[in-house]
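For reference, input.pdb (PDB, C-alpha atoms):
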```
MODEL        1
ATOM      1  CA  MET A   1     -16.160 -36.200  79.945
ATOM      2  CA  THR A   2     -13.855 -34.066  82.009
ATOM      3  CA  ASP A   3     -12.686 -30.667  80.868
ATOM      4  CA  ALA A   4      -9.130 -31.973  80.407
ATOM      5  CA  ALA A   5     -10.351 -34.761  78.118
ATOM      6  CA  LYS A   6     -12.402 -32.313  76.047
ATOM      7  CA  THR A   7      -9.430 -30.024  75.448
ATOM      8  CA  SER A   8      -6.910 -32.760  74.736
ATOM      9  CA  PHE A   9      -5.766 -33.144  71.151
ATOM     10  CA  GLN A  10      -4.927 -36.820  71.652
ATOM     11  CA  THR A  11      -7.281 -39.550  70.567
ATOM     12  CA  PRO A  12      -8.432 -42.039  73.204
ATOM     13  CA  ARG A  13      -6.257 -44.703  71.579
ATOM     14  CA  SER A  14      -3.107 -42.590  71.717
ATOM     15  CA  ARG A  15      -3.785 -41.789  75.388
ATOM     16  CA  ALA A  16      -4.070 -45.508  76.133
ATOM     17  CA  ALA A  17      -1.072 -46.626  74.046
ATOM     18  CA  ASN A  18       1.587 -48.483  76.024
ATOM     19  CA  LEU A  19      -0.423 -48.294  79.236
ATOM     20  CA  GLY A  20      -1.627 -51.172  81.335
ATOM     21  CA  THR A  21      -0.275 -54.661  81.808
ATOM     22  CA  ALA A  22      -0.547 -55.810  78.206
ATOM     23  CA  HIS A  23       2.125 -53.671  76.564
ATOM     24  CA  GLY A  24       4.831 -56.332  77.053
ATOM     25  CA  GLY A  25       2.633 -59.367  76.542
ATOM     26  CA  THR A  26       3.816 -60.263  73.069
ATOM     27  CA  HIS A  27       7.443 -60.296  74.217
ATOM     28  CA  HIS A  28       6.619 -62.747  77.034
ATOM     29  CA  TRP A  29       4.524 -64.883  74.704
ATOM     30  CA  THR A  30       7.294 -65.014  72.094
ATOM     31  CA  GLN A  31       9.991 -65.824  74.659
ATOM     32  CA  ILE A  32       7.964 -68.585  76.296
ATOM     33  CA  ASN A  33       7.172 -70.152  72.940
ATOM     34  CA  LEU A  34      10.791 -69.943  71.752
ATOM     35  CA  THR A  35      12.104 -71.588  74.910
ATOM     36  CA  GLY A  36       9.359 -74.222  74.674
ATOM     37  CA  ILE A  37      10.311 -75.020  71.089
ATOM     38  CA  ALA A  38      14.016 -75.111  71.998
ATOM     39  CA  LEU A  39      13.280 -77.584  74.782
ATOM     40  CA  VAL A  40      11.975 -80.231  72.370
ATOM     41  CA  PRO A  41      15.328 -81.109  70.725
ATOM     42  CA  LEU A  42      17.295 -80.297  73.886
ATOM     43  CA  THR A  43      15.173 -82.727  75.910
ATOM     44  CA  LEU A  44      15.750 -85.492  73.376
ATOM     45  CA  LEU A  45      19.483 -84.794  73.213
ATOM     46  CA  PHE A  46      19.683 -84.775  77.017
ATOM     47  CA  VAL A  47      17.388 -87.659  77.968
ATOM     48  CA  ILE A  48      18.327 -90.288  75.371
ATOM     49  CA  PRO A  49      22.065 -90.463  76.262
ATOM     50  CA  PHE A  50      21.239 -90.232  79.977
ATOM     51  CA  ALA A  51      18.724 -93.082  79.663
ATOM     52  CA  GLY A  52      21.457 -95.112  77.973
ATOM     53  CA  VAL A  53      23.673 -94.994  81.059
ATOM     54  CA  LEU A  54      20.931 -95.651  83.618
ATOM     55  CA  GLY A  55      21.701 -98.798  85.540
ATOM     56  CA  GLU A  56      25.381 -98.745  84.563
ATOM     57  CA  GLY A  57      26.468 -96.950  87.705
ATOM     58  CA  HIS A  58      27.897 -93.629  88.748
ATOM     59  CA  GLU A  59      31.088 -93.947  86.713
ATOM     60  CA  ALA A  60      29.179 -94.307  83.427
ATOM     61  CA  ALA A  61      27.188 -91.134  84.095
ATOM     62  CA  ILE A  62      30.342 -89.227  84.989
ATOM     63  CA  ALA A  63      32.048 -90.494  81.821
ATOM     64  CA  LEU A  64      29.053 -89.351  79.745
ATOM     65  CA  TYR A  65      29.203 -85.762  80.989
ATOM     66  CA  ARG A  66      32.969 -85.548  80.640
ATOM     67  CA  GLN A  67      32.372 -85.601  76.898
ATOM     68  CA  PRO A  68      32.122 -81.974  75.677
ATOM     69  CA  PHE A  69      29.033 -82.456  73.484
ATOM     70  CA  HIS A  70      26.969 -84.053  76.248
ATOM     71  CA  ALA A  71      28.143 -81.490  78.813
ATOM     72  CA  ILE A  72      27.172 -78.592  76.522
ATOM     73  CA  VAL A  73      23.773 -80.154  75.805
ATOM     74  CA  ALA A  74      23.180 -80.675  79.529
ATOM     75  CA  ILE A  75      24.118 -77.070  80.326
ATOM     76  CA  LEU A  76      21.855 -75.743  77.562
ATOM     77  CA  PHE A  77      19.018 -78.019  78.690
ATOM     78  CA  ILE A  78      19.310 -76.890  82.305
ATOM     79  CA  GLY A  79      19.601 -73.207  81.386
ATOM     80  CA  VAL A  80      16.675 -73.182  78.945
ATOM     81  CA  THR A  81      14.517 -75.311  81.267
ATOM     82  CA  PHE A  82      14.920 -72.995  84.246
ATOM     83  CA  HIS A  83      14.511 -69.897  82.089
ATOM     84  CA  HIS A  84      11.275 -71.343  80.674
ATOM     85  CA  LEU A  85      10.113 -72.244  84.190
ATOM     86  CA  TRP A  86      10.930 -68.749  85.467
ATOM     87  CA  GLN A  87       8.962 -67.107  82.635
ATOM     88  CA  GLY A  88       5.952 -69.382  83.052
ATOM     89  CA  LEU A  89       5.777 -68.942  86.813
ATOM     90  CA  GLN A  90       6.166 -65.184  86.429
ATOM     91  CA  VAL A  91       3.124 -65.036  84.157
ATOM     92  CA  VAL A  92       1.061 -67.164  86.547
ATOM     93  CA  ILE A  93       2.108 -65.054  89.553
ATOM     94  CA  GLU A  94       1.345 -61.780  87.750
ATOM     95  CA  ASP A  95      -2.053 -63.067  86.633
ATOM     96  CA  TYR A  96      -3.278 -64.520  89.923
ATOM     97  CA  VAL A  97      -1.586 -62.613  92.771
ATOM     98  CA  HIS A  98      -3.248 -59.252  93.317
ATOM     99  CA  HIS A  99      -1.729 -57.991  96.569
ATOM    100  CA  LYS A 100       1.266 -55.806  95.668
ATOM    101  CA  GLY A 101       3.508 -56.922  98.546
ATOM    102  CA  VAL A 102       2.834 -60.620  98.012
ATOM    103  CA  LEU A 103       3.283 -60.166  94.254
ATOM    104  CA  VAL A 104       6.725 -58.603  94.655
ATOM    105  CA  ALA A 105       7.785 -61.215  97.216
ATOM    106  CA  MET A 106       6.691 -64.085  94.979
ATOM    107  CA  LEU A 107       8.383 -62.608  91.897
ATOM    108  CA  VAL A 108      11.629 -62.204  93.835
ATOM    109  CA  ALA A 109      11.333 -65.751  95.211
ATOM    110  CA  ASN A 110      10.641 -67.075  91.709
ATOM    111  CA  THR A 111      13.734 -65.357  90.339
ATOM    112  CA  LEU A 112      15.947 -66.534  93.191
ATOM    113  CA  MET A 113      14.688 -70.134  93.126
ATOM    114  CA  CYS A 114      14.867 -70.585  89.344
ATOM    115  CA  GLY A 115      18.165 -68.729  89.093
ATOM    116  CA  GLY A 116      19.680 -70.616  92.007
ATOM    117  CA  ALA A 117      18.552 -74.050  90.840
ATOM    118  CA  GLY A 118      19.691 -73.359  87.274
ATOM    119  CA  THR A 119      23.055 -72.087  88.448
ATOM    120  CA  ALA A 120      23.514 -75.130  90.704
ATOM    121  CA  GLY A 121      22.701 -77.468  87.817
ATOM    122  CA  VAL A 122      25.112 -75.743  85.450
ATOM    123  CA  PHE A 123      27.805 -75.743  88.145
ATOM    124  CA  ALA A 124      27.286 -79.478  88.729
ATOM    125  CA  VAL A 125      27.691 -80.312  85.041
ATOM    126  CA  MET A 126      30.727 -78.049  84.724
ATOM    127  CA  SER A 127      32.379 -79.592  87.773
ATOM    128  CA  ILE A 128      31.914 -83.035  86.212
ATOM    129  CA  ALA A 129      33.119 -81.881  82.799
ATOM    130  CA  PHE A 130      36.276 -80.215  84.123
ATOM    131  CA  SER A 131      37.187 -82.778  86.773
ATOM    132  CA  GLY A 132      40.109 -85.140  86.278
TER     133      GLY A 132
ENDMDL
END
```

Entire entry expressed as structure tokens:
Amino acid sequence: MTDAAKTSFQTPRSRAANLGTAHGGTHHWTQINLTGIALVPLTLLFVIPFAGVLGEGHEAAIALYRQPFHAIVAILFIGVTFHHLWQGLQVVIEDYVHHKGVLVAMLVANTLMCGGAGTAGVFAVMSIAFSG
């Protein structure tokens, strides 16, 4: 033991509290599980109507997403899906990439790709919903 550790009035647990990579782990775990649970009904509400218009042509799909309920479900599905993807990839990157520069670059790329794709999807649905 060092002299500083001998004279400290803190217990080893209090010195270690909120240090390390695990102090925010429960928040990530909770968020990933909540978005995963939310995706179950959203996927059903998104896929079943979409499957109903498959094969009917472009006009049927456009007519489907001009309805407010289906447009809102599609926007929620896209937003929650890309948020869930972003969180999951972030955890994988943080766990398996150990070089600091590569880690930061991959986290930034993850955020930009998931954010950009999600924004493009939401914009596409909104442009259909608000067109003519």

From A:Leu42, A:Ala120, A:Ile128, A:Val102, residue lying nearest Val80 (chain A) [all atoms listed in the file]: A:Leu42

May I have the residues at most 12 Å from (28.4, -85.0, 78.6) in the file's coordinates, counting all atoms listed in the file, as a CSV table (one decimal) with C-alpha atoms, keeping the file's coordinate frame?
```
chain,number,residue,atom,x,y,z
A,45,LEU,CA,19.5,-84.8,73.2
A,46,PHE,CA,19.7,-84.8,77.0
A,47,VAL,CA,17.4,-87.7,78.0
A,48,ILE,CA,18.3,-90.3,75.4
A,49,PRO,CA,22.1,-90.5,76.3
A,50,PHE,CA,21.2,-90.2,80.0
A,53,VAL,CA,23.7,-95.0,81.1
A,60,ALA,CA,29.2,-94.3,83.4
A,61,ALA,CA,27.2,-91.1,84.1
A,62,ILE,CA,30.3,-89.2,85.0
A,63,ALA,CA,32.0,-90.5,81.8
A,64,LEU,CA,29.1,-89.4,79.7
A,65,TYR,CA,29.2,-85.8,81.0
A,66,ARG,CA,33.0,-85.5,80.6
A,67,GLN,CA,32.4,-85.6,76.9
A,68,PRO,CA,32.1,-82.0,75.7
A,69,PHE,CA,29.0,-82.5,73.5
A,70,HIS,CA,27.0,-84.1,76.2
A,71,ALA,CA,28.1,-81.5,78.8
A,72,ILE,CA,27.2,-78.6,76.5
A,73,VAL,CA,23.8,-80.2,75.8
A,74,ALA,CA,23.2,-80.7,79.5
A,75,ILE,CA,24.1,-77.1,80.3
A,76,LEU,CA,21.9,-75.7,77.6
A,77,PHE,CA,19.0,-78.0,78.7
A,122,VAL,CA,25.1,-75.7,85.4
A,124,ALA,CA,27.3,-79.5,88.7
A,125,VAL,CA,27.7,-80.3,85.0
A,126,MET,CA,30.7,-78.0,84.7
A,127,SER,CA,32.4,-79.6,87.8
A,128,ILE,CA,31.9,-83.0,86.2
A,129,ALA,CA,33.1,-81.9,82.8
A,130,PHE,CA,36.3,-80.2,84.1
```

Proximity to His84 (chain A) - best of A:Thr119, A:Ser131, A:Asn33, A:Thr43, only C-alpha atoms: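 Among the listed residues, the smallest separation from His84 (chain A) belongs to A:Asn33.
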
Result set of the PyMOL selection byres ((chain A and resi 91-98) around 10) on the coordinates above, as a list of chain:residue names: A:Thr21, A:Gly25, A:His28, A:Trp29, A:Ile32, A:Trp86, A:Gln87, A:Gly88, A:Leu89, A:Gln90, A:His99, A:Lys100, A:Gly101, A:Val102, A:Leu103, A:Val104, A:Met106, A:Leu107, A:Asn110

Interatomic distance (Å, one decimal) between CA of Pro41 (chain A) and CA of His83 (chain A):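 So the two atoms, CA of Pro41 (chain A) and CA of His83 (chain A), lie 16.0 Å apart.
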
Length of the CA of Gly118 (chain A) to CA of Thr26 (chain A) vector [Å]: 25.0 Å

Using the file's own x, y and z axes, what box holds all listed atoms of region 113-126 of chain A with 6 Å on each side, keeping edges along x, y and z, and what are its centre and edge lengths in Å to one decimal, as JSON?
```
{"center_x": 22.7, "center_y": -74.5, "center_z": 88.9, "size_x": 28.0, "size_y": 23.6, "size_z": 20.4}
```

Separation of CA of Phe82 (chain A) from CA of Glu56 (chain A), in Å and rounded to one decimal: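 Going from CA of Phe82 (chain A) over to CA of Glu56 (chain A) covers 27.8 Å.
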